[in-house]
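Trainee: One structure follows; several queries about it will come next.
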Amino acid sequence: MGDAGATKWTAIALTCQDIQTAQAVQKELEYRQRKGQIDKDALLLTVEDPQARTGSGGATLNALLVVAEYLSQRKGHTVVTSDVLFDARILILHVSREFPYDSCGRAWTTLPVQPAESAAVGYDSLITNLDCLLHTITYKISIGSPAGVWVCSTDMLLCVSTPMEIDWQEHQSGVCVFAVPAAEDYAKNHGMYRLQKESNVVQDLMYHGGATAMKMCSIPDPQDPLAKAVPLVSGLVFFSARAAERLLSLHVVPVLDACTYVGLDSGVKPIHLSLFFDILLCMGNDVTMETFVSGELSRDYDKINRKWLIEGSEVMAMKSARSLLWKHLRGIGMKAVIMKDSSYSYMTTSGADHMKNLIKCPLEVKTDEHLLWSQFNHAYVEDGCSVEDTSIVINSALEGAIQVGPKAVISHCHLKGAIQIGKDSLISNIDIDASQDLDQHKLSSGILLQGFQLQLGGSTKHLCKAYTVMGKFDSLQTAYVKGTSTFCNSPWVVFLTRTGIDKEDLWPVHQTDYDRTLFNAKLFPIWNASETVGIKEILWLEGGEQDEVMLQRWRSSWRLSLQEILSCIDVPGELSYRRALFSKVGLCKVENVLQNNKNISLLPFFKTAAVEGYAQQTLSKLDQVAMTTDSPGVAARCLACIADVLGAMAGDKGGLRSGPAANQAFQDAFQLLRNGQISSGIEALAKERNNWLDRPELLMRAARHYEGAEQILICQAVMLSKQFVTVTPSEPTPMDKWVTGTCPARIDISGGWTDTPSITYERGGAVIDAAIQVDGKRPIGAKVKRISELQLILVLDSDQTHSVQVTCNELSDLADYCNPKAPGALLKAAFCCAEVINLSSNQTLQEQLQEKYGGGFELHTWSNLPHGSGLGTSSILAGAVLAVLWKASGKCYDHQSLIHAVLHLEQMLTTGGGWQDQVGGLTAKINIGHCKAGLPLKVDMDPVEISEDTVKKFNEHLLLVYTGKTRLARNLLQDVLRNWHAKAPYIVENCNQLVENAWRCVDAFKAGDFEKVGACMDTYWRQKKVMAPGCEPLVVQRMMSALGPHAYGQALAGAGGGGFMYVLTKEPNAMETVKEILAGVEGTEDITIHTVTLDEEGLRVEVEE
């Protein structure tokens, strides 16, 4: 077994009608396995039916033989051995043939269902009936089952709400059949079991039983003890390993071997065996050999499903086969499991039933934590189109002015134009070319319009497209002569009169009216010697009046009946069409989501594109969107998406996603982006990308460089905020007079990460910060003075013993400001950002300094906080540096200009910084910074009005604990932005909650309610861990657990979970208590505890007298 919640299959086999279909279906299964929908270790097989009429029993025996051969070979055997069955869990799914309402059959009918977020494996997928059945059996029914063989039909919708509890000890050696309790009215058209009371041993199987049979089979209704139900044959059977061994032995029994490929290869005439009314029937307790072998018990089944059985050799062959089945299988015990909490819906040939299954899907009624009902399932609906809430759109694109009425279904279509689709209608498999003939057309209510890809001819195959139309209430098999027989929901006589068609045009003259049905009427033209025929003629059949030209063209065309069309369907072609349309719809959605900045995750589609082979088309579409947008923010997200596609193409063989992104091959493209030539830069990136697609490790390295390019565009997007920086000329300070700026640190109390580009300009953000002194000191500062020398002297950590001095004599000395690791990078960037120096000038550094200032500058910076403290040091320091530089160089500024200038400076540094640090550390007391979504990014600040008593309580109850563990935000930023650009739903929702929590915290501070403030802090810490998993070191976890009973709230400071932890204690002045508590926590030997004072001034700038 695999995990406790699912069966780990050894092999999954699907039976198919021909080799071409088998090959296409094999690819479908392999796609699902690569996407994690099927266990990676399961053997996947598609088994071609050896003959046209082997039946479900013959197909089961043949599939079991093929699976056993593969498993035997895997274990080193040279012949088939049944030993392999005793440690295997095998699932055989029977894929039926024609189905009037889906060109690929019942198994591949796409349902209005999508994976739930909690169960999603990260891929975009259409959910078919086969997928639902596989999921139901794997996760709901087979859990805990012993080794053996499961066999399941795919002709029904089977839903189980919760995992079944089955006592598998009762089914160790026999056969277990699964029965669904059903009402008598429904059961009369299906097979049913007659069970022994209490034990549920199967006594008999019946088909289309009357009142007497119903009474014999009735059981108490699990949903209503006072009512009766009938145990319906569900199509699902479990053979224990011993029972499967006896079944497998039949492949060497003459006559029965005719069901397998062995018989086909031996030239044996095929026979038709039913799984239920041949193989299982002989195991029924009350079944006698005479009634079984004679066929008496399966007569009702044969009348419908084996009409070709007539007196003579075929009847004798069936009797011989049944006699052998009795001999070899009789004595195997068979018990039933009643599926109490389930629903069952056989997929009939009724159009009304099919529409009901889609519009009111049983999966919508029977809730499942893995699957969700969805009105739009992989659909693109253009703004000009309207779709009623009760309608369904599956794997389709609607463009133009499409109007879809109530309870209609659009499936696998690309429609464009002004088309009205009536209520209760089904439109399926209509492509963009065919939709041209639907433009300006109004389709009547209750009409089913479908397209089919056909493969005609014998040895020379001819591919073509056929279209059909019929009514929701039409009965395919009702005789023409009957009054209830209709076409397009109207009596035949109305149709014939309206169009001028004669019934002899539709059916052979020798065929009686009782044998003439809609199913065999030659209605649908597919070829004409002189003109093109197609959907126009079909629309005429649906609602056109007498038209002599149309009538003659219709009569002169080669026409097929629905029966003939269904027998000629090119299933591989249909599956290929659906995948191509899936790609096209997905690309439409990609373009729409990116251009309109929607918070919709595209990563599942990108991962699917990599698996299913349309990654290149996806890359081209992303290139196109990026090159044509006028928004650097949209272009940046496009580049992030390209990185996701490349990462998906690399899979798990390309190494880590994060890594360096400075390969010389990409530098020309990067420079174009830095110069604002976005379209040319994207084109250059795409050209270079082609050199990196050969191997997984190259793909991953290319993905890293696309993320580097993305960061360039994010920086450019944020730099648009420079328009909110306003400075005016003033007198520069005197020579050799220090201008000193000192600042508090800041703690982010709620809302962090929502200030981070691109989250902040795509979603909008809000962060509440407090400006704090640590141990009564303002820990961050800068000072500058004008000097006579024509140079820039930069002194880092000037208050430390080991300070670093950098001297700039040439402009080239400043050129590395964009490398955060370069000595003095922040200070160099500040000179450029403050426009003290112009790097693009034709003048030298000395010439600029002489002309503007008559000398140079000496700039010192310091911080008394450890590196990676989480208290906003670098951004606050940048604000201090800009402030003193502007003052010294003769420029006046306002507070908002300074905030936006720091934001601009950090983009120049390429550190990707947000705005919360400078808002918190340069502004007094407690304030909330906030911005709306959109570009240019504009940050507003509002002070949080609090009383003096609240200030006093804040100072008494808040402590800082330095953990000794540093975690730089830069190390986490890539992962967070990657998840944000992928629009992972949990990240988008968490960002929404971060903003909501920040505003709640504002209200709590205004009310002076520290218990609520602490609750906001705790919530914020949980939200931080969602944004950046792994940001909580183990020692911090222990510390928080120990302090929890004594604190209103606590969190690590900084967006990246930095080195300081802040604690809002329940008791005032609790430093000693906190010390005592933490002394008993393992790993806290290096911690230090600090007092906090709310700073009431913010940035302070002073000029030396």
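FYI, nothing fancy with the structure tokens labels: chains A, B, ... in order, residues from 1 per chain, ligands from 1 as they appear.
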With a distance cut-off of 10 Å and only C-alpha atoms, select the neighbouring residues of Pro732 (chain A), excluding the residue or stretch itself and same-chain residues fewer than 4 positions from it, and output the selection as a PDB file with all heavy atoms, in the first residue's frame.
Mentor:
ATOM      1  N   ARG A 786      30.905  69.053   3.809  1.00  0.00           N
ATOM      2  CA  ARG A 786      31.566  69.491   2.583  1.00  0.00           C
ATOM      3  C   ARG A 786      33.054  69.669   2.876  1.00  0.00           C
ATOM      4  O   ARG A 786      33.432  70.153   3.946  1.00  0.00           O
ATOM      5  CB  ARG A 786      30.950  70.778   2.068  1.00  0.00           C
ATOM      6  CG  ARG A 786      29.498  70.627   1.646  1.00  0.00           C
ATOM      7  CD  ARG A 786      28.886  71.976   1.302  1.00  0.00           C
ATOM      8  NE  ARG A 786      29.647  72.632   0.259  1.00  0.00           N
ATOM      9  CZ  ARG A 786      29.685  73.951   0.069  1.00  0.00           C
ATOM     10  NH1 ARG A 786      29.017  74.749   0.880  1.00  0.00           N
ATOM     11  NH2 ARG A 786      30.403  74.468  -0.910  1.00  0.00           N
ATOM     12  N   TYR A 853      29.709  72.592  -6.221  1.00  0.00           N
ATOM     13  CA  TYR A 853      29.860  72.742  -4.775  1.00  0.00           C
ATOM     14  C   TYR A 853      31.192  73.344  -4.337  1.00  0.00           C
ATOM     15  O   TYR A 853      31.372  73.633  -3.161  1.00  0.00           O
ATOM     16  CB  TYR A 853      29.699  71.365  -4.098  1.00  0.00           C
ATOM     17  CG  TYR A 853      28.460  70.633  -4.560  1.00  0.00           C
ATOM     18  CD1 TYR A 853      28.568  69.505  -5.372  1.00  0.00           C
ATOM     19  CD2 TYR A 853      27.192  71.084  -4.210  1.00  0.00           C
ATOM     20  CE1 TYR A 853      27.448  68.844  -5.817  1.00  0.00           C
ATOM     21  CE2 TYR A 853      26.059  70.416  -4.645  1.00  0.00           C
ATOM     22  CZ  TYR A 853      26.175  69.283  -5.462  1.00  0.00           C
ATOM     23  OH  TYR A 853      25.067  68.643  -5.895  1.00  0.00           O
ATOM     24  N   LEU A 885      22.590  64.353   2.816  1.00  0.00           N
ATOM     25  CA  LEU A 885      23.167  64.770   1.532  1.00  0.00           C
ATOM     26  C   LEU A 885      22.375  65.924   0.938  1.00  0.00           C
ATOM     27  O   LEU A 885      22.955  66.903   0.427  1.00  0.00           O
ATOM     28  CB  LEU A 885      23.201  63.595   0.552  1.00  0.00           C
ATOM     29  CG  LEU A 885      24.356  62.599   0.681  1.00  0.00           C
ATOM     30  CD1 LEU A 885      24.216  61.485  -0.343  1.00  0.00           C
ATOM     31  CD2 LEU A 885      25.701  63.310   0.498  1.00  0.00           C
ATOM     32  N   TRP A 886      21.030  65.802   0.950  1.00  0.00           N
ATOM     33  CA  TRP A 886      20.213  66.899   0.425  1.00  0.00           C
ATOM     34  C   TRP A 886      20.471  68.194   1.220  1.00  0.00           C
ATOM     35  O   TRP A 886      20.592  69.264   0.641  1.00  0.00           O
ATOM     36  CB  TRP A 886      18.739  66.521   0.507  1.00  0.00           C
ATOM     37  CG  TRP A 886      18.264  65.756  -0.713  1.00  0.00           C
ATOM     38  CD1 TRP A 886      18.808  65.757  -1.957  1.00  0.00           C
ATOM     39  CD2 TRP A 886      17.115  64.904  -0.781  1.00  0.00           C
ATOM     40  NE1 TRP A 886      18.082  64.960  -2.810  1.00  0.00           N
ATOM     41  CE2 TRP A 886      17.031  64.426  -2.112  1.00  0.00           C
ATOM     42  CE3 TRP A 886      16.158  64.499   0.147  1.00  0.00           C
ATOM     43  CZ2 TRP A 886      16.018  63.557  -2.526  1.00  0.00           C
ATOM     44  CZ3 TRP A 886      15.144  63.656  -0.277  1.00  0.00           C
ATOM     45  CH2 TRP A 886      15.069  63.173  -1.594  1.00  0.00           C
ATOM     46  N   LYS A 887      20.547  68.052   2.533  1.00  0.00           N
ATOM     47  CA  LYS A 887      20.755  69.241   3.363  1.00  0.00           C
ATOM     48  C   LYS A 887      22.105  69.889   3.063  1.00  0.00           C
ATOM     49  O   LYS A 887      22.194  71.107   2.857  1.00  0.00           O
ATOM     50  CB  LYS A 887      20.678  68.854   4.841  1.00  0.00           C
ATOM     51  CG  LYS A 887      20.797  70.014   5.803  1.00  0.00           C
ATOM     52  CD  LYS A 887      19.566  70.900   5.711  1.00  0.00           C
ATOM     53  CE  LYS A 887      19.605  72.010   6.756  1.00  0.00           C
ATOM     54  NZ  LYS A 887      18.469  72.953   6.615  1.00  0.00           N
ATOM     55  N   ALA A 888      23.122  69.052   2.987  1.00  0.00           N
ATOM     56  CA  ALA A 888      24.467  69.591   2.772  1.00  0.00           C
ATOM     57  C   ALA A 888      24.633  70.183   1.387  1.00  0.00           C
ATOM     58  O   ALA A 888      25.373  71.162   1.188  1.00  0.00           O
ATOM     59  CB  ALA A 888      25.503  68.499   3.014  1.00  0.00           C
ATOM     60  N   SER A 889      23.958  69.566   0.386  1.00  0.00           N
ATOM     61  CA  SER A 889      24.138  70.016  -1.005  1.00  0.00           C
ATOM     62  C   SER A 889      23.174  71.122  -1.394  1.00  0.00           C
ATOM     63  O   SER A 889      23.169  71.564  -2.551  1.00  0.00           O
ATOM     64  CB  SER A 889      23.985  68.833  -1.959  1.00  0.00           C
ATOM     65  OG  SER A 889      22.674  68.278  -1.855  1.00  0.00           O
ATOM     66  N   GLY A 890      22.324  71.541  -0.452  1.00  0.00           N
ATOM     67  CA  GLY A 890      21.454  72.680  -0.730  1.00  0.00           C
ATOM     68  C   GLY A 890      20.142  72.299  -1.372  1.00  0.00           C
ATOM     69  O   GLY A 890      19.730  72.923  -2.358  1.00  0.00           O
ATOM     70  N   LYS A 891      19.466  71.325  -0.829  1.00  0.00           N
ATOM     71  CA  LYS A 891      18.151  70.932  -1.357  1.00  0.00           C
ATOM     72  C   LYS A 891      17.180  70.755  -0.198  1.00  0.00           C
ATOM     73  O   LYS A 891      17.513  70.195   0.846  1.00  0.00           O
ATOM     74  CB  LYS A 891      18.249  69.635  -2.150  1.00  0.00           C
ATOM     75  CG  LYS A 891      19.086  69.715  -3.410  1.00  0.00           C
ATOM     76  CD  LYS A 891      19.088  68.393  -4.153  1.00  0.00           C
ATOM     77  CE  LYS A 891      19.861  68.479  -5.470  1.00  0.00           C
ATOM     78  NZ  LYS A 891      21.300  68.664  -5.258  1.00  0.00           N
ATOM     79  N   CYS A 892      15.957  71.270  -0.400  1.00  0.00           N
ATOM     80  CA  CYS A 892      14.891  71.077   0.577  1.00  0.00           C
ATOM     81  C   CYS A 892      13.963  69.964   0.107  1.00  0.00           C
ATOM     82  O   CYS A 892      13.743  69.787  -1.100  1.00  0.00           O
ATOM     83  CB  CYS A 892      14.085  72.370   0.748  1.00  0.00           C
ATOM     84  SG  CYS A 892      14.995  73.673   1.600  1.00  0.00           S
TER      85      CYS A 892
END
Trainee: Skipping near chain neighbours, those fewer than 3 positions away, what residues fall within 12 Å of Phe86 (chain A) using only C-alpha atoms, listed as a PyMOL selection string?
Mentor: chain A and resi 10+68+71-72+81-83+89-90+146-149+172-173+239-245
Trainee: Can you write out the residues you just picked, keeping C-alpha atoms, as a compact mmCIF listing (two decimals), in the first residue's frame?
Mentor:
# COMPACT_ATOMS: atom_id res chain seq x y z
CA THR A 10 0.81 -2.27 -9.20
CA ALA A 68 0.12 -11.00 -15.87
CA LEU A 71 4.37 -8.60 -14.36
CA SER A 72 5.83 -12.06 -15.00
CA THR A 81 2.71 -17.29 -13.86
CA SER A 82 -0.22 -16.55 -11.60
CA ASP A 83 2.20 -16.11 -8.70
CA ARG A 89 -3.06 -4.73 -6.85
CA ILE A 90 -4.36 -4.52 -10.38
CA PRO A 146 -5.70 -7.26 -0.12
CA ALA A 147 -3.84 -8.27 -3.27
CA GLY A 148 -6.15 -8.94 -6.18
CA VAL A 149 -7.76 -7.59 -9.33
CA GLN A 172 -9.62 -12.74 1.20
CA SER A 173 -10.37 -15.63 -1.14
CA PHE A 239 -11.36 -10.56 -7.45
CA SER A 240 -9.13 -11.75 -4.62
CA ALA A 241 -5.75 -13.08 -5.74
CA ARG A 242 -7.02 -16.68 -5.53
CA ALA A 243 -10.17 -15.89 -7.50
CA ALA A 244 -8.11 -13.96 -10.06
CA GLU A 245 -5.76 -16.93 -10.37
Trainee: Determine the nearest neighbour of Leu972 (chain A) from the options A:Leu1078, A:Ile501, A:Ala1028, A:Ile392, counting only C-alpha atoms.
Mentor: A:Ala1028
Trainee: Going by DSSP on the backbone, which bits of region 309-418 of chain A are strand (DSSP E)? Write them as a PyMOL selection string, please.
Mentor: chain A and resi 334-338+342-346+371-373+376-381+386-387+392-400+403-404+409-411+414-417
Trainee: Using only C-alpha atoms, find the one residue out of A:Tyr346, A:Trp168, A:Trp150, A:Tyr1020 that sits nearest to Asn129 (chain A).
Mentor: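 When distances to Asn129 (chain A) are compared using only C-alpha atoms, the smallest one comes from A:Tyr346.
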Trainee: So which residues touch Ala336 (chain A) within 7 Å, counting only C-alpha atoms, skipping near sequence neighbours fewer than 3 positions away, as a list in words?
Mentor: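 The neighbour list is Cys176, Val177, Phe178, Ala179, Asn200, Val201 and Val202 of chain A.
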Trainee: Save out the residues we just selected, all heavy atoms, as a compact mmCIF listing (two decimals), in the first residue's frame.
Mentor:
# COMPACT_ATOMS: atom_id res chain seq x y z
N CYS A 176 -15.74 -10.02 -4.54
CA CYS A 176 -16.55 -8.99 -3.88
C CYS A 176 -17.15 -8.09 -4.96
O CYS A 176 -16.43 -7.49 -5.75
CB CYS A 176 -15.68 -8.17 -2.92
SG CYS A 176 -16.54 -6.80 -2.13
N VAL A 177 -18.49 -8.06 -5.00
CA VAL A 177 -19.16 -7.18 -5.95
C VAL A 177 -19.72 -5.98 -5.17
O VAL A 177 -20.02 -6.08 -3.98
CB VAL A 177 -20.29 -7.90 -6.70
CG1 VAL A 177 -19.72 -9.03 -7.54
CG2 VAL A 177 -21.36 -8.42 -5.75
N PHE A 178 -19.84 -4.86 -5.85
CA PHE A 178 -20.30 -3.64 -5.20
C PHE A 178 -21.66 -3.25 -5.76
O PHE A 178 -21.84 -3.15 -6.98
CB PHE A 178 -19.28 -2.52 -5.40
CG PHE A 178 -18.02 -2.75 -4.62
CD1 PHE A 178 -17.03 -3.61 -5.11
CD2 PHE A 178 -17.83 -2.17 -3.39
CE1 PHE A 178 -15.88 -3.85 -4.40
CE2 PHE A 178 -16.66 -2.40 -2.65
CZ PHE A 178 -15.70 -3.25 -3.16
N ALA A 179 -22.60 -3.06 -4.87
CA ALA A 179 -23.97 -2.77 -5.26
C ALA A 179 -24.39 -1.41 -4.72
O ALA A 179 -24.03 -1.03 -3.61
CB ALA A 179 -24.91 -3.85 -4.72
N ASN A 200 -25.16 -11.06 2.88
CA ASN A 200 -24.93 -10.41 1.58
C ASN A 200 -24.24 -11.32 0.58
O ASN A 200 -23.60 -10.86 -0.37
CB ASN A 200 -24.14 -9.12 1.73
CG ASN A 200 -25.00 -7.96 2.20
OD1 ASN A 200 -26.23 -8.05 2.19
ND2 ASN A 200 -24.37 -6.89 2.63
N VAL A 201 -24.34 -12.65 0.78
CA VAL A 201 -23.86 -13.59 -0.23
C VAL A 201 -24.76 -13.45 -1.46
O VAL A 201 -25.98 -13.38 -1.35
CB VAL A 201 -23.89 -15.03 0.30
CG1 VAL A 201 -23.62 -16.04 -0.83
CG2 VAL A 201 -22.87 -15.20 1.42
N VAL A 202 -24.14 -13.41 -2.64
CA VAL A 202 -24.91 -13.24 -3.87
C VAL A 202 -25.57 -14.56 -4.25
O VAL A 202 -24.90 -15.58 -4.45
CB VAL A 202 -24.01 -12.74 -5.02
CG1 VAL A 202 -24.83 -12.60 -6.31
CG2 VAL A 202 -23.37 -11.41 -4.65
Trainee: Can you list every residue in region 50-238 of chain A that DSSP puts in alpha helix (DSSP H), as number ranges by chain?
Mentor: A: 55-74, 129-136, 184-187, 211-217
Trainee: Okay, now the selection with C-alpha atoms, as a short mmCIF file (atom, residue, chain, number, x, y, z; two decimals), in the first residue's frame?
Mentor:
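Listing of out23.cif after writing:
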data_model
loop_
_atom_site.label_atom_id
_atom_site.label_comp_id
_atom_site.auth_asym_id
_atom_site.auth_seq_id
_atom_site.Cartn_x
_atom_site.Cartn_y
_atom_site.Cartn_z
CA GLY A 55 -17.73 -8.60 -24.26
CA SER A 56 -16.80 -7.29 -20.83
CA GLY A 57 -15.93 -10.78 -19.60
CA GLY A 58 -13.68 -11.56 -22.55
CA ALA A 59 -12.03 -8.15 -22.33
CA THR A 60 -11.38 -8.76 -18.62
CA LEU A 61 -9.74 -12.12 -19.25
CA ASN A 62 -7.62 -10.72 -22.09
CA ALA A 63 -6.51 -7.68 -20.04
CA LEU A 64 -5.68 -9.88 -17.04
CA LEU A 65 -3.56 -12.10 -19.27
CA VAL A 66 -1.64 -9.13 -20.69
CA VAL A 67 -1.03 -7.62 -17.24
CA ALA A 68 0.12 -11.00 -15.87
CA GLU A 69 2.55 -11.34 -18.80
CA TYR A 70 4.09 -7.95 -18.09
CA LEU A 71 4.37 -8.60 -14.36
CA SER A 72 5.83 -12.06 -15.00
CA GLN A 73 8.43 -10.60 -17.32
CA ARG A 74 9.29 -7.91 -14.76
CA ASN A 129 -15.45 10.35 -16.01
CA LEU A 130 -12.48 7.96 -16.08
CA ASP A 131 -10.53 10.29 -13.76
CA CYS A 132 -13.42 10.43 -11.32
CA LEU A 133 -13.82 6.67 -11.29
CA LEU A 134 -10.09 6.14 -10.79
CA HIS A 135 -10.12 8.65 -7.96
CA THR A 136 -13.21 7.10 -6.34
CA GLU A 184 -37.24 0.06 -8.10
CA ASP A 185 -38.27 2.40 -10.90
CA TYR A 186 -34.62 3.02 -11.78
CA ALA A 187 -33.45 -0.56 -11.23
CA ALA A 211 -42.20 -6.79 -10.08
CA THR A 212 -41.46 -10.31 -8.90
CA ALA A 213 -37.72 -9.88 -9.39
CA MET A 214 -37.83 -6.54 -7.58
CA LYS A 215 -39.51 -8.14 -4.61
CA MET A 216 -36.98 -10.98 -4.53
CA CYS A 217 -34.04 -8.55 -4.64
#
Trainee: Tell me which protein, DNA and RNA residues are within 7 Å of Thr740 (chain A), counting only C-alpha atoms, leaving out same-chain ones fewer than 6 positions away, and put them as a PDB file with all heavy atoms, in the first residue's frame.
Mentor:
ATOM      1  N   ALA A 782      23.822  58.908  10.097  1.00  0.00           N
ATOM      2  CA  ALA A 782      24.760  59.291   9.033  1.00  0.00           C
ATOM      3  C   ALA A 782      25.121  60.756   9.228  1.00  0.00           C
ATOM      4  O   ALA A 782      24.332  61.533   9.785  1.00  0.00           O
ATOM      5  CB  ALA A 782      24.123  59.081   7.664  1.00  0.00           C
ATOM      6  N   LYS A 783      26.321  61.117   8.792  1.00  0.00           N
ATOM      7  CA  LYS A 783      26.700  62.526   8.833  1.00  0.00           C
ATOM      8  C   LYS A 783      27.569  62.833   7.622  1.00  0.00           C
ATOM      9  O   LYS A 783      28.292  61.963   7.118  1.00  0.00           O
ATOM     10  CB  LYS A 783      27.421  62.867  10.132  1.00  0.00           C
ATOM     11  CG  LYS A 783      28.751  62.166  10.353  1.00  0.00           C
ATOM     12  CD  LYS A 783      29.377  62.601  11.679  1.00  0.00           C
ATOM     13  CE  LYS A 783      30.749  61.938  11.883  1.00  0.00           C
ATOM     14  NZ  LYS A 783      31.376  62.363  13.150  1.00  0.00           N
ATOM     15  N   VAL A 784      27.489  64.046   7.159  1.00  0.00           N
ATOM     16  CA  VAL A 784      28.230  64.444   5.975  1.00  0.00           C
ATOM     17  C   VAL A 784      28.718  65.882   6.161  1.00  0.00           C
ATOM     18  O   VAL A 784      28.065  66.683   6.836  1.00  0.00           O
ATOM     19  CB  VAL A 784      27.362  64.320   4.696  1.00  0.00           C
ATOM     20  CG1 VAL A 784      26.206  65.305   4.707  1.00  0.00           C
ATOM     21  CG2 VAL A 784      28.209  64.473   3.444  1.00  0.00           C
ATOM     22  N   VAL A 884      20.775  63.863   4.851  1.00  0.00           N
ATOM     23  CA  VAL A 884      21.939  64.718   5.140  1.00  0.00           C
ATOM     24  C   VAL A 884      22.600  65.180   3.850  1.00  0.00           C
ATOM     25  O   VAL A 884      23.124  66.310   3.787  1.00  0.00           O
ATOM     26  CB  VAL A 884      22.950  63.997   6.065  1.00  0.00           C
ATOM     27  CG1 VAL A 884      22.304  63.709   7.421  1.00  0.00           C
ATOM     28  CG2 VAL A 884      23.509  62.720   5.453  1.00  0.00           C
ATOM     29  N   VAL A1101      17.578  65.695  11.878  1.00  0.00           N
ATOM     30  CA  VAL A1101      18.722  66.233  11.120  1.00  0.00           C
ATOM     31  C   VAL A1101      19.204  67.504  11.810  1.00  0.00           C
ATOM     32  O   VAL A1101      18.419  68.437  12.044  1.00  0.00           O
ATOM     33  CB  VAL A1101      18.334  66.527   9.657  1.00  0.00           C
ATOM     34  CG1 VAL A1101      19.525  67.154   8.912  1.00  0.00           C
ATOM     35  CG2 VAL A1101      17.874  65.265   8.960  1.00  0.00           C
ATOM     36  N   GLU A1102      20.515  67.532  12.101  1.00  0.00           N
ATOM     37  CA  GLU A1102      21.111  68.674  12.809  1.00  0.00           C
ATOM     38  C   GLU A1102      22.358  69.138  12.060  1.00  0.00           C
ATOM     39  O   GLU A1102      23.107  68.311  11.531  1.00  0.00           O
ATOM     40  CB  GLU A1102      21.485  68.284  14.240  1.00  0.00           C
ATOM     41  CG  GLU A1102      20.287  67.839  15.087  1.00  0.00           C
ATOM     42  CD  GLU A1102      20.718  67.296  16.441  1.00  0.00           C
ATOM     43  OE1 GLU A1102      21.488  66.303  16.439  1.00  0.00           O
ATOM     44  OE2 GLU A1102      20.303  67.847  17.459  1.00  0.00           O
ATOM     45  N   VAL A1103      22.550  70.455  12.032  1.00  0.00           N
ATOM     46  CA  VAL A1103      23.724  71.049  11.385  1.00  0.00           C
ATOM     47  C   VAL A1103      24.639  71.599  12.465  1.00  0.00           C
ATOM     48  O   VAL A1103      24.196  72.318  13.382  1.00  0.00           O
ATOM     49  CB  VAL A1103      23.327  72.168  10.414  1.00  0.00           C
ATOM     50  CG1 VAL A1103      24.579  72.760   9.743  1.00  0.00           C
ATOM     51  CG2 VAL A1103      22.352  71.635   9.369  1.00  0.00           C
TER      52      VAL A1103
END
